[in-house]
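> Next up, final-v8.cif (mmCIF, C-alpha atoms and all ligand atoms).
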```
data_query
loop_
_atom_site.label_atom_id
_atom_site.label_comp_id
_atom_site.auth_asym_id
_atom_site.auth_seq_id
_atom_site.Cartn_x
_atom_site.Cartn_y
_atom_site.Cartn_z
CA MET I 1 13.11 5.48 -34.29
CA ALA I 2 10.57 7.86 -32.73
CA LYS I 3 11.65 9.92 -29.75
CA THR I 4 9.39 7.98 -27.40
CA ASP I 5 10.57 4.55 -28.58
CA ILE I 6 12.40 2.46 -26.01
CA LYS I 7 16.07 2.18 -26.92
CA ASP I 8 17.39 0.56 -23.75
CA ILE I 9 16.14 -1.16 -20.60
CA GLN I 10 18.50 -1.75 -17.71
CA LEU I 11 17.71 -4.03 -14.81
CA ARG I 12 19.63 -4.40 -11.58
CA VAL I 13 19.27 -5.93 -8.14
CA VAL I 14 19.01 -3.33 -5.36
CA PHE I 15 17.81 -3.37 -1.74
CA THR I 16 14.62 -2.41 0.09
CA GLY I 17 14.68 -0.65 3.46
CA LYS I 18 13.86 -4.01 5.02
CA GLY I 19 17.19 -5.33 3.77
CA THR I 20 15.78 -7.68 1.14
CA LYS I 21 16.86 -7.71 -2.50
CA THR I 22 14.56 -6.33 -5.15
CA ILE I 23 14.53 -5.24 -8.79
CA GLU I 24 15.18 -1.79 -10.23
CA ALA I 25 14.40 -1.00 -13.87
CA GLU I 26 15.44 1.91 -16.08
CA VAL I 27 13.58 2.48 -19.31
CA ILE I 28 15.34 4.83 -21.72
CA SER I 29 14.14 6.48 -24.93
CA ALA I 30 15.69 9.20 -27.13
CA ASN I 31 14.20 12.04 -25.11
CA GLY I 32 13.14 10.55 -21.81
CA ARG I 33 13.97 8.04 -19.11
CA GLY I 34 12.27 6.50 -16.13
CA ARG I 35 13.56 4.53 -13.17
CA ALA I 36 11.42 2.46 -10.80
CA VAL I 37 12.02 -0.04 -8.01
CA ALA I 38 9.65 -2.86 -7.03
CA PRO I 39 8.70 -2.74 -3.34
CA SER I 40 7.99 -5.94 -1.46
CA GLY I 41 5.51 -6.96 1.21
CA THR I 42 5.81 -9.00 4.39
CA SER I 43 2.18 -9.76 5.17
CA ALA I 44 1.54 -10.48 1.50
CA GLY I 45 -1.88 -11.69 0.35
CA SER I 46 -1.94 -15.16 -1.18
CA HIS I 47 -3.62 -13.90 -4.38
CA GLU I 48 -0.86 -11.41 -5.14
CA ALA I 49 1.45 -11.63 -8.16
CA LEU I 50 4.45 -13.79 -7.28
CA ALA I 51 7.17 -11.21 -6.67
CA PHE I 52 10.18 -13.54 -6.70
CA PRO I 53 9.60 -16.97 -8.26
CA SER I 54 13.41 -17.26 -8.44
CA LYS I 55 16.36 -15.39 -6.98
CA PRO I 56 16.39 -11.72 -8.04
CA GLU I 57 19.66 -12.18 -9.96
CA GLN I 58 18.12 -15.08 -11.91
CA LEU I 59 15.03 -13.00 -12.68
CA VAL I 60 17.21 -10.22 -14.10
CA LYS I 61 18.97 -12.72 -16.36
CA ARG I 62 15.67 -14.27 -17.46
CA ALA I 63 14.19 -10.88 -18.31
CA GLN I 64 17.32 -9.88 -20.21
CA ASP I 65 17.07 -13.07 -22.30
CA GLU I 66 13.32 -13.26 -22.84
CA LEU I 67 11.54 -9.99 -22.12
CA ILE I 68 13.76 -7.03 -22.87
CA PRO I 69 14.35 -8.00 -26.55
CA GLU I 70 10.55 -7.92 -27.02
CA LEU I 71 10.24 -4.48 -25.45
CA LEU I 72 13.08 -2.70 -27.25
CA GLY I 73 11.74 -0.46 -30.02
CA GLN I 74 8.24 -0.29 -28.45
CA ASP I 75 6.71 3.13 -27.87
CA ALA I 76 7.05 4.01 -24.15
CA THR I 77 3.78 5.95 -24.31
CA GLN I 78 1.85 2.78 -25.25
CA GLN I 79 1.47 1.51 -21.70
CA LYS I 80 -1.17 -1.10 -22.48
CA LYS I 81 0.93 -2.60 -25.25
CA ILE I 82 4.04 -2.72 -23.07
CA ASP I 83 2.16 -4.34 -20.22
CA ASN I 84 0.57 -6.80 -22.60
CA ILE I 85 4.01 -7.87 -23.84
CA ILE I 86 5.15 -8.38 -20.24
CA SER I 87 2.09 -10.57 -19.58
CA VAL I 88 2.43 -12.55 -22.82
CA VAL I 89 6.13 -13.26 -22.27
CA ASP I 90 5.38 -14.32 -18.69
CA ASN I 91 2.50 -16.53 -19.81
CA THR I 92 1.29 -17.41 -16.30
CA LYS I 93 -1.56 -15.97 -14.27
CA ASN I 94 0.54 -14.48 -11.49
CA PHE I 95 3.92 -13.60 -13.02
CA SER I 96 5.43 -16.78 -11.66
CA HIS I 97 7.83 -16.96 -14.59
CA ILE I 98 9.11 -13.43 -15.15
CA GLY I 99 8.47 -12.35 -11.53
CA GLY I 100 5.99 -9.74 -10.30
CA SER I 101 8.87 -7.55 -9.15
CA VAL I 102 10.39 -7.47 -12.66
CA ALA I 103 6.97 -6.82 -14.20
CA ILE I 104 6.04 -3.87 -11.96
CA ALA I 105 9.54 -2.32 -12.07
CA ILE I 106 9.56 -2.27 -15.89
CA SER I 107 5.91 -1.26 -16.19
CA THR I 108 6.33 1.68 -13.78
CA ALA I 109 9.66 2.73 -15.32
CA ALA I 110 7.99 2.80 -18.76
CA LEU I 111 5.27 5.08 -17.41
CA LYS I 112 7.87 7.39 -15.87
CA CYS I 113 9.82 7.38 -19.15
CA ALA I 114 6.68 8.34 -21.10
CA ALA I 115 5.94 11.21 -18.71
CA SER I 116 9.51 12.43 -18.96
CA CYS I 117 9.34 12.34 -22.80
CA TYR I 118 6.63 15.00 -22.52
CA GLY I 119 8.47 16.89 -19.78
CA LYS I 120 5.61 16.22 -17.37
CA GLU I 121 5.33 14.96 -13.87
CA LEU I 122 3.84 11.48 -13.75
CA PHE I 123 0.60 12.61 -12.12
CA GLN I 124 0.06 15.31 -14.78
CA TYR I 125 0.87 12.94 -17.61
CA LEU I 126 -1.64 10.46 -16.20
CA ASN I 127 -4.35 12.99 -15.53
CA PRO I 128 -4.01 16.67 -16.47
CA LYS I 129 -7.17 17.40 -14.47
CA ALA I 130 -5.84 16.00 -11.18
CA LYS I 131 -6.01 18.70 -8.56
CA SER I 132 -6.43 17.18 -5.12
CA ILE I 133 -3.90 15.71 -2.72
CA PRO I 134 -4.78 12.50 -0.90
CA LYS I 135 -4.77 12.50 2.88
CA PRO I 136 -1.79 10.64 4.35
CA LEU I 137 -2.49 7.65 6.58
CA GLY I 138 0.52 6.84 8.74
CA LYS I 139 1.47 4.10 11.14
CA VAL I 140 2.22 5.10 14.74
CA PHE I 141 2.58 1.60 16.15
CA GLY I 142 3.39 -1.73 14.50
CA GLY I 143 2.45 -5.22 15.60
CA GLY I 144 1.93 -8.63 14.03
CA THR I 145 4.42 -9.71 11.37
CA HIS I 146 5.89 -6.22 11.10
CA THR I 147 7.77 -6.54 14.37
CA LEU I 148 9.66 -8.90 16.63
CA LEU I 149 8.78 -7.29 19.91
CA THR I 150 5.12 -6.87 20.67
CA THR I 151 2.00 -8.19 22.26
CA SER I 152 -0.19 -6.36 19.75
CA ASP I 153 -1.76 -8.67 17.17
CA ILE I 154 -3.02 -5.74 15.11
CA GLN I 155 -0.39 -5.03 12.47
CA GLU I 156 -0.87 -1.28 12.23
CA ILE I 157 -2.30 1.40 14.47
CA LEU I 158 -2.62 4.37 12.15
CA VAL I 159 -3.60 8.02 12.18
CA LEU I 160 -5.45 9.92 9.47
CA PRO I 161 -5.01 13.68 9.94
CA LYS I 162 -7.96 15.93 9.25
CA LYS I 163 -6.50 18.98 7.49
CA ASN I 164 -6.69 19.59 3.75
CA ASN I 165 -3.03 20.31 3.32
CA ALA I 166 -0.27 17.77 2.79
CA LYS I 167 2.42 19.55 4.81
CA ALA I 168 0.10 20.25 7.75
CA ASN I 169 -1.11 16.64 7.75
CA ILE I 170 2.41 15.23 7.65
CA GLU I 171 3.30 17.47 10.58
CA ILE I 172 0.29 16.22 12.56
CA MET I 173 1.40 12.61 12.03
CA GLN I 174 4.93 13.53 13.05
CA ASN I 175 3.74 15.26 16.24
CA ILE I 176 1.66 12.23 17.22
CA GLN I 177 4.63 9.95 16.53
CA SER I 178 6.99 12.00 18.63
CA ASP I 179 4.50 12.44 21.49
CA PHE I 180 4.03 8.67 21.51
CA GLY I 181 7.82 8.32 21.81
CA ALA I 182 7.82 10.78 24.72
CA TYR I 183 5.10 8.73 26.44
CA LEU I 184 7.18 5.55 26.06
CA LYS I 185 10.25 7.28 27.47
CA ASN I 186 8.34 8.80 30.34
CA LYS I 187 6.82 5.44 31.30
CA LYS I 188 10.19 3.72 30.77
CA ILE I 189 8.63 1.26 28.33
CA PHE I 190 11.31 -0.58 26.36
CA ALA I 191 10.50 0.12 22.72
CA GLY I 192 11.80 -0.22 19.20
CA ARG I 193 10.75 0.52 15.65
CA ASP I 194 8.86 -1.82 13.36
CA LEU I 195 9.54 -2.47 9.64
CA GLU I 196 7.93 0.80 8.62
CA GLY I 197 9.39 2.98 11.36
CA GLY I 198 6.33 2.75 13.62
CA TRP I 199 6.90 2.33 17.36
CA THR I 200 6.70 -1.16 18.75
CA ALA I 201 6.73 -2.37 22.37
CA GLU I 202 5.28 -5.03 24.63
CA MET I 203 1.89 -3.37 24.74
CA SER I 204 -1.52 -4.71 23.82
CA SER I 205 -3.43 -3.11 20.94
CA GLU I 206 -5.89 -1.53 23.37
CA GLN I 207 -3.13 -0.09 25.57
CA VAL I 208 -1.68 1.51 22.45
CA LEU I 209 -5.08 2.72 21.27
CA ASP I 210 -5.77 4.41 24.62
CA ILE I 211 -2.68 6.59 24.11
CA VAL I 212 -3.03 7.11 20.37
CA LYS I 213 -6.65 8.19 20.79
CA LYS I 214 -5.61 10.98 23.20
CA LEU I 215 -2.82 12.11 20.87
CA ALA I 216 -5.04 11.95 17.77
CA ASP I 217 -7.66 14.12 19.52
CA LYS I 218 -4.98 16.55 20.66
CA HIS I 219 -3.38 16.98 17.22
CA GLY I 220 -6.45 16.66 14.95
CA ALA I 221 -6.49 13.18 13.47
CA ASN I 222 -8.72 10.15 13.25
CA ILE I 223 -7.60 6.63 14.07
CA GLY I 224 -7.16 3.79 11.60
CA LEU I 225 -6.27 0.11 11.91
CA ASP I 226 -4.73 -2.42 9.58
CA ILE I 227 -5.66 -5.61 11.39
CA ALA I 228 -4.04 -7.84 8.71
CA ALA I 229 -6.23 -10.58 10.14
CA SER I 230 -5.07 -13.31 7.72
CA GLU I 231 -1.80 -13.36 9.63
CA PHE I 232 -3.36 -14.70 12.85
CA TYR I 233 -6.25 -16.69 11.40
CA LYS I 234 -5.47 -20.37 11.95
CA ASN I 235 -7.88 -23.34 11.79
CA ASN I 236 -11.01 -21.18 11.46
CA LYS I 237 -10.24 -18.90 14.40
CA TYR I 238 -8.59 -15.53 14.98
CA ARG I 239 -5.94 -16.48 17.52
CA TYR I 240 -4.90 -13.59 19.73
CA ILE I 241 -1.71 -13.48 21.77
CA ASP I 242 -3.76 -13.00 24.96
CA GLY I 243 -5.40 -16.41 24.40
CA ARG I 244 -8.70 -15.37 22.80
CA ASN I 245 -9.74 -17.58 19.86
CA LEU I 246 -12.52 -15.78 18.02
CA ASN I 247 -14.81 -17.09 15.30
CA ALA I 248 -15.87 -14.76 12.46
CA GLU I 249 -18.93 -13.44 14.29
CA GLU I 250 -16.95 -12.79 17.48
CA GLN I 251 -14.20 -11.13 15.47
CA LYS I 252 -16.79 -8.84 13.89
CA GLU I 253 -18.19 -7.89 17.30
CA TYR I 254 -14.69 -7.23 18.64
CA VAL I 255 -13.84 -4.96 15.68
CA LYS I 256 -17.15 -3.13 16.13
CA LYS I 257 -16.34 -2.64 19.80
CA LEU I 258 -12.96 -1.11 18.90
CA ILE I 259 -14.60 1.12 16.26
CA SER I 260 -17.08 2.54 18.72
CA LYS I 261 -14.73 2.78 21.72
CA TYR I 262 -12.00 4.67 19.83
CA LYS I 263 -14.18 6.34 17.14
CA ILE I 264 -12.11 4.56 14.51
CA LYS I 265 -12.63 5.87 10.97
CA TYR I 266 -10.61 3.35 8.94
CA VAL I 267 -10.31 -0.44 9.25
CA GLU I 268 -8.24 -2.51 6.83
CA ASP I 269 -8.40 -6.31 6.56
CA PRO I 270 -10.48 -7.01 9.69
CA PHE I 271 -11.05 -10.59 8.46
CA HIS I 272 -8.97 -13.13 6.62
CA GLU I 273 -8.47 -12.69 2.91
CA ASP I 274 -11.24 -14.99 1.66
CA ASP I 275 -14.04 -14.01 4.03
CA PHE I 276 -16.09 -11.70 1.78
CA GLU I 277 -19.26 -12.37 3.81
CA SER I 278 -17.86 -10.97 7.05
CA PHE I 279 -16.44 -7.96 5.20
CA ALA I 280 -19.91 -7.30 3.77
CA ALA I 281 -21.60 -7.65 7.18
CA LEU I 282 -19.16 -5.27 8.87
CA THR I 283 -19.43 -2.73 6.02
CA LYS I 284 -23.19 -2.71 6.52
CA GLU I 285 -23.10 -2.54 10.32
CA ALA I 286 -20.20 -0.11 10.88
CA LYS I 287 -21.81 2.89 9.21
CA GLY I 288 -19.51 5.84 8.59
CA CYS I 289 -16.36 3.74 8.88
CA ILE I 290 -14.06 3.11 5.92
CA ILE I 291 -13.77 -0.67 5.59
CA CYS I 292 -10.82 -1.36 3.33
CA GLY I 293 -9.70 -4.53 1.55
CA ASP I 294 -5.98 -5.14 1.08
CA ASP I 295 -5.22 -8.87 1.22
CA LEU I 296 -8.91 -9.27 0.34
CA PHE I 297 -8.58 -7.68 -3.13
CA THR I 298 -4.82 -7.68 -3.84
CA THR I 299 -5.42 -4.86 -6.40
CA ASN I 300 -6.95 -7.53 -8.65
CA PRO I 301 -9.81 -6.31 -10.90
CA TYR I 302 -11.53 -9.72 -10.93
CA ILE I 303 -11.39 -10.19 -7.18
CA LEU I 304 -12.62 -6.62 -6.73
CA GLN I 305 -15.61 -7.38 -9.01
CA LYS I 306 -16.48 -10.30 -6.77
CA GLY I 307 -16.24 -8.03 -3.70
CA ILE I 308 -18.45 -5.40 -5.32
CA GLY I 309 -21.06 -8.05 -6.11
CA MET I 310 -21.11 -9.05 -2.45
CA LYS I 311 -20.92 -5.46 -1.12
CA ALA I 312 -17.72 -6.33 0.72
CA ALA I 313 -15.84 -3.22 1.93
CA ASN I 314 -16.18 0.38 0.74
CA ALA I 315 -12.50 1.07 0.08
CA ILE I 316 -9.59 -0.69 -1.58
CA ILE I 317 -5.85 -0.67 -1.01
CA ILE I 318 -3.98 -0.16 -4.26
CA LYS I 319 -0.49 -1.65 -4.36
CA PRO I 320 0.74 -1.87 -7.96
CA ASN I 321 3.14 -4.71 -7.17
CA GLN I 322 0.25 -6.90 -6.00
CA ILE I 323 -1.05 -7.09 -9.57
CA GLY I 324 2.18 -6.57 -11.51
CA THR I 325 1.44 -3.89 -14.13
CA ILE I 326 0.35 -0.25 -14.29
CA THR I 327 -2.42 -1.11 -16.78
CA GLU I 328 -4.08 -3.58 -14.41
CA THR I 329 -3.54 -1.24 -11.45
CA LEU I 330 -5.37 1.55 -13.27
CA ARG I 331 -8.10 -0.84 -14.33
CA THR I 332 -8.74 -1.82 -10.72
CA VAL I 333 -8.78 1.84 -9.69
CA GLU I 334 -11.35 2.67 -12.38
CA ILE I 335 -13.65 -0.19 -11.38
CA ALA I 336 -13.40 0.82 -7.72
CA LYS I 337 -14.11 4.48 -8.47
CA ARG I 338 -17.20 3.62 -10.51
CA GLN I 339 -18.59 1.88 -7.43
CA ASN I 340 -17.63 4.76 -5.12
CA TYR I 341 -15.04 2.71 -3.29
CA GLN I 342 -12.43 4.96 -1.70
CA ILE I 343 -8.97 4.56 -3.19
CA VAL I 344 -6.08 4.07 -0.76
CA PHE I 345 -2.73 3.96 -2.55
CA SER I 346 -0.18 2.15 -0.43
CA HIS I 347 3.51 1.46 0.04
CA ARG I 348 4.85 -1.95 1.16
CA SER I 349 6.68 -2.81 4.34
CA GLY I 350 9.80 -3.45 2.22
CA ASP I 351 10.09 -0.23 0.24
CA THR I 352 12.60 2.21 -1.21
CA CYS I 353 12.77 5.94 -1.88
CA ASP I 354 10.81 5.46 -5.12
CA THR I 355 8.06 8.07 -5.19
CA ALA I 356 5.79 6.53 -7.85
CA ILE I 357 2.91 5.85 -5.46
CA SER I 358 2.71 9.52 -4.44
CA GLN I 359 2.43 10.49 -8.10
CA LEU I 360 -0.02 7.69 -8.91
CA ALA I 361 -2.18 8.54 -5.89
CA VAL I 362 -2.55 12.15 -7.06
CA GLY I 363 -2.95 11.17 -10.72
CA THR I 364 -5.80 8.78 -9.91
CA GLU I 365 -7.40 11.23 -7.47
CA ALA I 366 -7.13 8.77 -4.59
CA GLN I 367 -8.64 9.96 -1.31
CA ILE I 368 -5.92 8.44 0.88
CA ILE I 369 -2.25 7.50 0.61
CA LYS I 370 -0.79 5.09 3.14
CA CYS I 371 2.96 5.51 3.23
CA GLY I 372 3.93 5.73 6.86
CA ILE I 373 5.16 8.57 9.02
CA ILE I 374 8.37 10.58 8.45
CA GLY I 375 11.46 8.37 8.54
CA GLY I 376 13.56 6.37 6.11
CA GLU I 377 12.11 5.51 2.72
CA ARG I 378 8.69 6.87 3.76
CA THR I 379 10.02 10.43 3.93
CA SER I 380 10.59 10.49 0.16
CA LYS I 381 6.94 9.71 -0.57
CA LEU I 382 5.60 12.23 1.93
CA ASN I 383 7.93 14.98 0.74
CA GLU I 384 6.85 14.24 -2.84
CA LEU I 385 3.28 15.07 -1.81
CA ILE I 386 4.45 18.47 -0.58
CA ARG I 387 6.16 19.12 -3.93
CA ILE I 388 3.10 18.02 -5.91
CA GLU I 389 0.88 20.23 -3.79
CA GLU I 390 3.09 23.19 -4.63
CA THR I 391 2.88 22.36 -8.37
CA LEU I 392 -0.91 22.16 -8.14
CA LYS I 393 -1.10 25.65 -6.64
CA HIS I 394 0.67 27.23 -9.61
C1 LIG M 1 -0.03 -3.71 4.52
C2 LIG M 1 1.39 -3.42 4.14
C3 LIG M 1 1.87 -2.03 4.21
P1 LIG M 1 2.98 -5.41 3.70
O1 LIG M 1 -0.35 -4.81 5.00
O2 LIG M 1 -0.89 -2.89 4.27
O3 LIG M 1 1.72 -1.42 5.44
O4 LIG M 1 2.26 -4.34 4.66
O5 LIG M 1 3.74 -4.61 2.69
O6 LIG M 1 3.84 -6.20 4.64
O7 LIG M 1 1.92 -6.21 3.04
MG MG M 2 -2.62 -4.14 4.79
#
```
Represent the supplied structure as structure tokens.
Ligand code: 2PG
Ligand code: MG

Amino acid sequence: MAKTDIKDIQLRVVFTGKGTKTIEAEVISANGRGRAVAPSGTSAGSHEALAFPSKPEQLVKRAQDELIPELLGQDATQQKKIDNIISVVDNTKNFSHIGGSVAIAISTAALKCAASCYGKELFQYLNPKAKSIPKPLGKVFGGGTHTLLTTSDIQEILVLPKKNNAKANIEIMQNIQSDFGAYLKNKKIFAGRDLEGGWTAEMSSEQVLDIVKKLADKHGANIGLDIAASEFYKNNKYRYIDGRNLNAEEQKEYVKKLISKYKIKYVEDPFHEDDFESFAALTKEAKGCIICGDDLFTTNPYILQKGIGMKAANAIIIKPNQIGTITETLRTVEIAKRQNYQIVFSHRSGDTCDTAISQLAVGTEAQIIKCGIIGGERTSKLNELIRIEETLKH
């Protein structure tokens, strides 16, 4: 048995920060090992891999019976082959047999095992030439399905700091977050935290944006939005809590108004997940703004190709668990880069302290990483960026 051959794979059920169960995988070879946990989404796109077709415990049992025997003895450095075996054993289009969470946990753990066999960090193993750190994009305020307590339909009001240094940028996000907290306290606004540690309160999106804009200007950041519009699109209209029911054209005008009023630099999912036409129109009209597809593309190379053909968006969210394997994730990244789409690696609202996305973001030379502001399981990913930055300087 070669030193990089897989000699054991362990699977277990663990928890995300949201409190839901998920899958952890450990892939072990003679001289390396890798551990990875599948994150899970709340506002999941309908074209994503099916994370949990059965209970997590049943998925572990199924993988132990059907998948792991096929993977034992395989070379951990042969990522494509490993991912192909996972897909063949699953034998569905969206991992609805083996489970997307099992697939991405094993696939990522195999990659980490391969990197550790060579004594390298994942980003270096993936790309020895990688040398830049993505800018962090962090959520200050949560609305929509990420919270119980809000009058903001927009799921995420984000900030994108302007410095070229991970630590300085993380500090800027933190300062904005804590100043926003001070504002809430001062105004005696009853507030809580959303699923990703963002503030949440009974405030409208525009009330929040008025404050965040001032704080972003003060600390040196731009503003971003994840509208997650599929979540409030019902019977052909965007249905806002304040009673507005907007058609696609009106939604586009409203988003454009927000972009110009608050000088917004990043807008994710401004329309529902199948409306490529409106994405294309906004991308054309909102010059200079990053228009990013998350639920629109679901990290799927075929759906991305369709978007490229229609000129929909100029950036893509990359969430490995949306597509289920590292091979397909990297394929989507390559296609996007060839078309000059910006790459935005992203966590999920149900996440853990796994730091793979920080490593993958650097390894693929992504421009942006969206993994929240300091707090809970987001801290691990942000601190990992600081460590990687230090490695890159030496
Ligand atoms: C999103 C994400 C992460 P979820 O919509 O971009 O912020 O949320 O994981 O719930 O899909
Ligand atoms: Mg999103």
> Got a sec to check which residues lie within 9 Å of ligand LIG 1 (chain M), using all atoms listed in the file, and send them as a PyMOL selection string?
chain I and resi 39-45+138-139+145-146+155-156+195-196+226-228+268-269+294-295+317+319+346-351+370-372
> What's the separation between CA of Lys81 (chain I) and CA of Ile335 (chain I), in Å to one decimal place?
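Answer for the CA of Lys81 (chain I) to CA of Ile335 (chain I) separation: 20.3 Å.
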> By how many Å are CA of Gln367 (chain I) and CA of Gly309 (chain I) apart?
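Pair CA of Gln367 (chain I) / CA of Gly309 (chain I) returns 22.4 Å.
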> Give as a ChimeraX atom specification each residue that has an atom at most 12 Å from (-3.6, -11.0, 25.5) in the file, counting only C-alpha atoms.
/I:150-154,202-207,239-245
> If we count all atoms listed in the file and set the cut-off at 7 Å, which residues sit around Glu365 (chain I), ignoring sequence neighbours fewer than 4 positions away in its own chain? Please answer as a ChimeraX atom specification.
/I:130,132,361
> Take the residues just selected and output them with C-alpha atoms as a compact mmCIF listing (two decimals), keeping the file's coordinate frame.

```txt
# COMPACT_ATOMS: atom_id res chain seq x y z
CA ALA I 130 -5.84 16.00 -11.18
CA SER I 132 -6.43 17.18 -5.12
CA ALA I 361 -2.18 8.54 -5.89
```
> Between CA of Ile291 (chain I) and CA of Val267 (chain I), what is the spacing in Å?
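Computing it gives 5.0 Å between the two atoms.
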> From the set I:Ser87, I:Thr92, I:Asn222, I:Gln79, which residue has the shortest atom-to-atom contact distance to Leu330 (chain I), counting all atoms listed in the file?
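With all atoms listed in the file as the atom set, the closest residue is I:Gln79.
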> Tell me which of I:Val89, I:Val344, I:Ala313, I:Ala221 sits closest to ligand MG 2 (chain M), counting only C-alpha atoms and all ligand atoms.
I:Val344
> With all atoms listed in the file as the counted atoms, please give the residues lying no more than 8 Å from Leu11 (chain I), apart from itself and same-chain residues fewer than 2 positions off, as a ChimeraX atom specification.
/I:9,13,23-26,60,64
> Please identify all polymer residues within 8 Å of Leu215 (chain I), counting only C-alpha atoms, omitting same-chain residues fewer than 5 positions from it, and present them as a list in words.
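Once the adjacent positions are removed, what remains is Ile176, Asp179 and Phe180 of chain I.
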> My list of candidates is I:Leu296, I:Ile308, I:Val208, I:Val362. Which is closest to ligand MG 2 (chain M) when distances are computed with only C-alpha atoms and all ligand atoms?
I:Leu296
> Kindly write region 153-167 of chain I with N, CA and C atoms to a file, as a PDB file, in the first residue's frame.

```
ATOM      1  N   ASP I 153     -36.661  42.351   5.008  1.00  0.00           N
ATOM      2  CA  ASP I 153     -36.813  41.199   4.113  1.00  0.00           C
ATOM      3  C   ASP I 153     -35.462  40.763   3.566  1.00  0.00           C
ATOM      4  N   ILE I 154     -34.541  41.721   3.464  1.00  0.00           N
ATOM      5  CA  ILE I 154     -33.220  41.408   2.919  1.00  0.00           C
ATOM      6  C   ILE I 154     -32.489  40.516   3.921  1.00  0.00           C
ATOM      7  N   GLN I 155     -31.988  39.381   3.430  1.00  0.00           N
ATOM      8  CA  GLN I 155     -31.404  38.399   4.344  1.00  0.00           C
ATOM      9  C   GLN I 155     -30.110  38.887   4.994  1.00  0.00           C
ATOM     10  N   GLU I 156     -29.296  39.631   4.213  1.00  0.00           N
ATOM     11  CA  GLU I 156     -27.985  39.994   4.759  1.00  0.00           C
ATOM     12  C   GLU I 156     -27.581  41.402   4.351  1.00  0.00           C
ATOM     13  N   ILE I 157     -27.288  42.219   5.342  1.00  0.00           N
ATOM     14  CA  ILE I 157     -26.686  43.524   5.082  1.00  0.00           C
ATOM     15  C   ILE I 157     -25.222  43.378   5.489  1.00  0.00           C
ATOM     16  N   LEU I 158     -24.355  43.517   4.474  1.00  0.00           N
ATOM     17  CA  LEU I 158     -22.954  43.102   4.609  1.00  0.00           C
ATOM     18  C   LEU I 158     -22.010  44.282   4.475  1.00  0.00           C
ATOM     19  N   VAL I 159     -20.780  44.087   4.957  1.00  0.00           N
ATOM     20  CA  VAL I 159     -19.750  45.094   4.678  1.00  0.00           C
ATOM     21  C   VAL I 159     -18.529  44.417   4.064  1.00  0.00           C
ATOM     22  N   LEU I 160     -17.894  45.148   3.163  1.00  0.00           N
ATOM     23  CA  LEU I 160     -16.720  44.651   2.434  1.00  0.00           C
ATOM     24  C   LEU I 160     -15.588  45.666   2.653  1.00  0.00           C
ATOM     25  N   PRO I 161     -14.728  45.388   3.625  1.00  0.00           N
ATOM     26  CA  PRO I 161     -13.675  46.358   3.954  1.00  0.00           C
ATOM     27  C   PRO I 161     -12.715  46.580   2.791  1.00  0.00           C
ATOM     28  N   LYS I 162     -12.054  47.746   2.821  1.00  0.00           N
ATOM     29  CA  LYS I 162     -11.285  48.153   1.640  1.00  0.00           C
ATOM     30  C   LYS I 162      -9.788  47.894   1.712  1.00  0.00           C
ATOM     31  N   LYS I 163      -9.276  47.503   2.877  1.00  0.00           N
ATOM     32  CA  LYS I 163      -7.811  47.353   2.978  1.00  0.00           C
ATOM     33  C   LYS I 163      -7.328  46.088   2.268  1.00  0.00           C
ATOM     34  N   ASN I 164      -6.018  45.992   2.095  1.00  0.00           N
ATOM     35  CA  ASN I 164      -5.467  44.796   1.458  1.00  0.00           C
ATOM     36  C   ASN I 164      -4.786  43.890   2.458  1.00  0.00           C
ATOM     37  N   ASN I 165      -5.361  43.768   3.619  1.00  0.00           N
ATOM     38  CA  ASN I 165      -4.726  43.018   4.687  1.00  0.00           C
ATOM     39  C   ASN I 165      -5.829  42.329   5.489  1.00  0.00           C
ATOM     40  N   ALA I 166      -5.689  41.020   5.653  1.00  0.00           N
ATOM     41  CA  ALA I 166      -6.775  40.251   6.272  1.00  0.00           C
ATOM     42  C   ALA I 166      -7.084  40.745   7.686  1.00  0.00           C
ATOM     43  N   LYS I 167      -6.034  40.909   8.486  1.00  0.00           N
ATOM     44  CA  LYS I 167      -6.267  41.280   9.890  1.00  0.00           C
ATOM     45  C   LYS I 167      -6.938  42.652   9.974  1.00  0.00           C
TER      46      LYS I 167
END
```
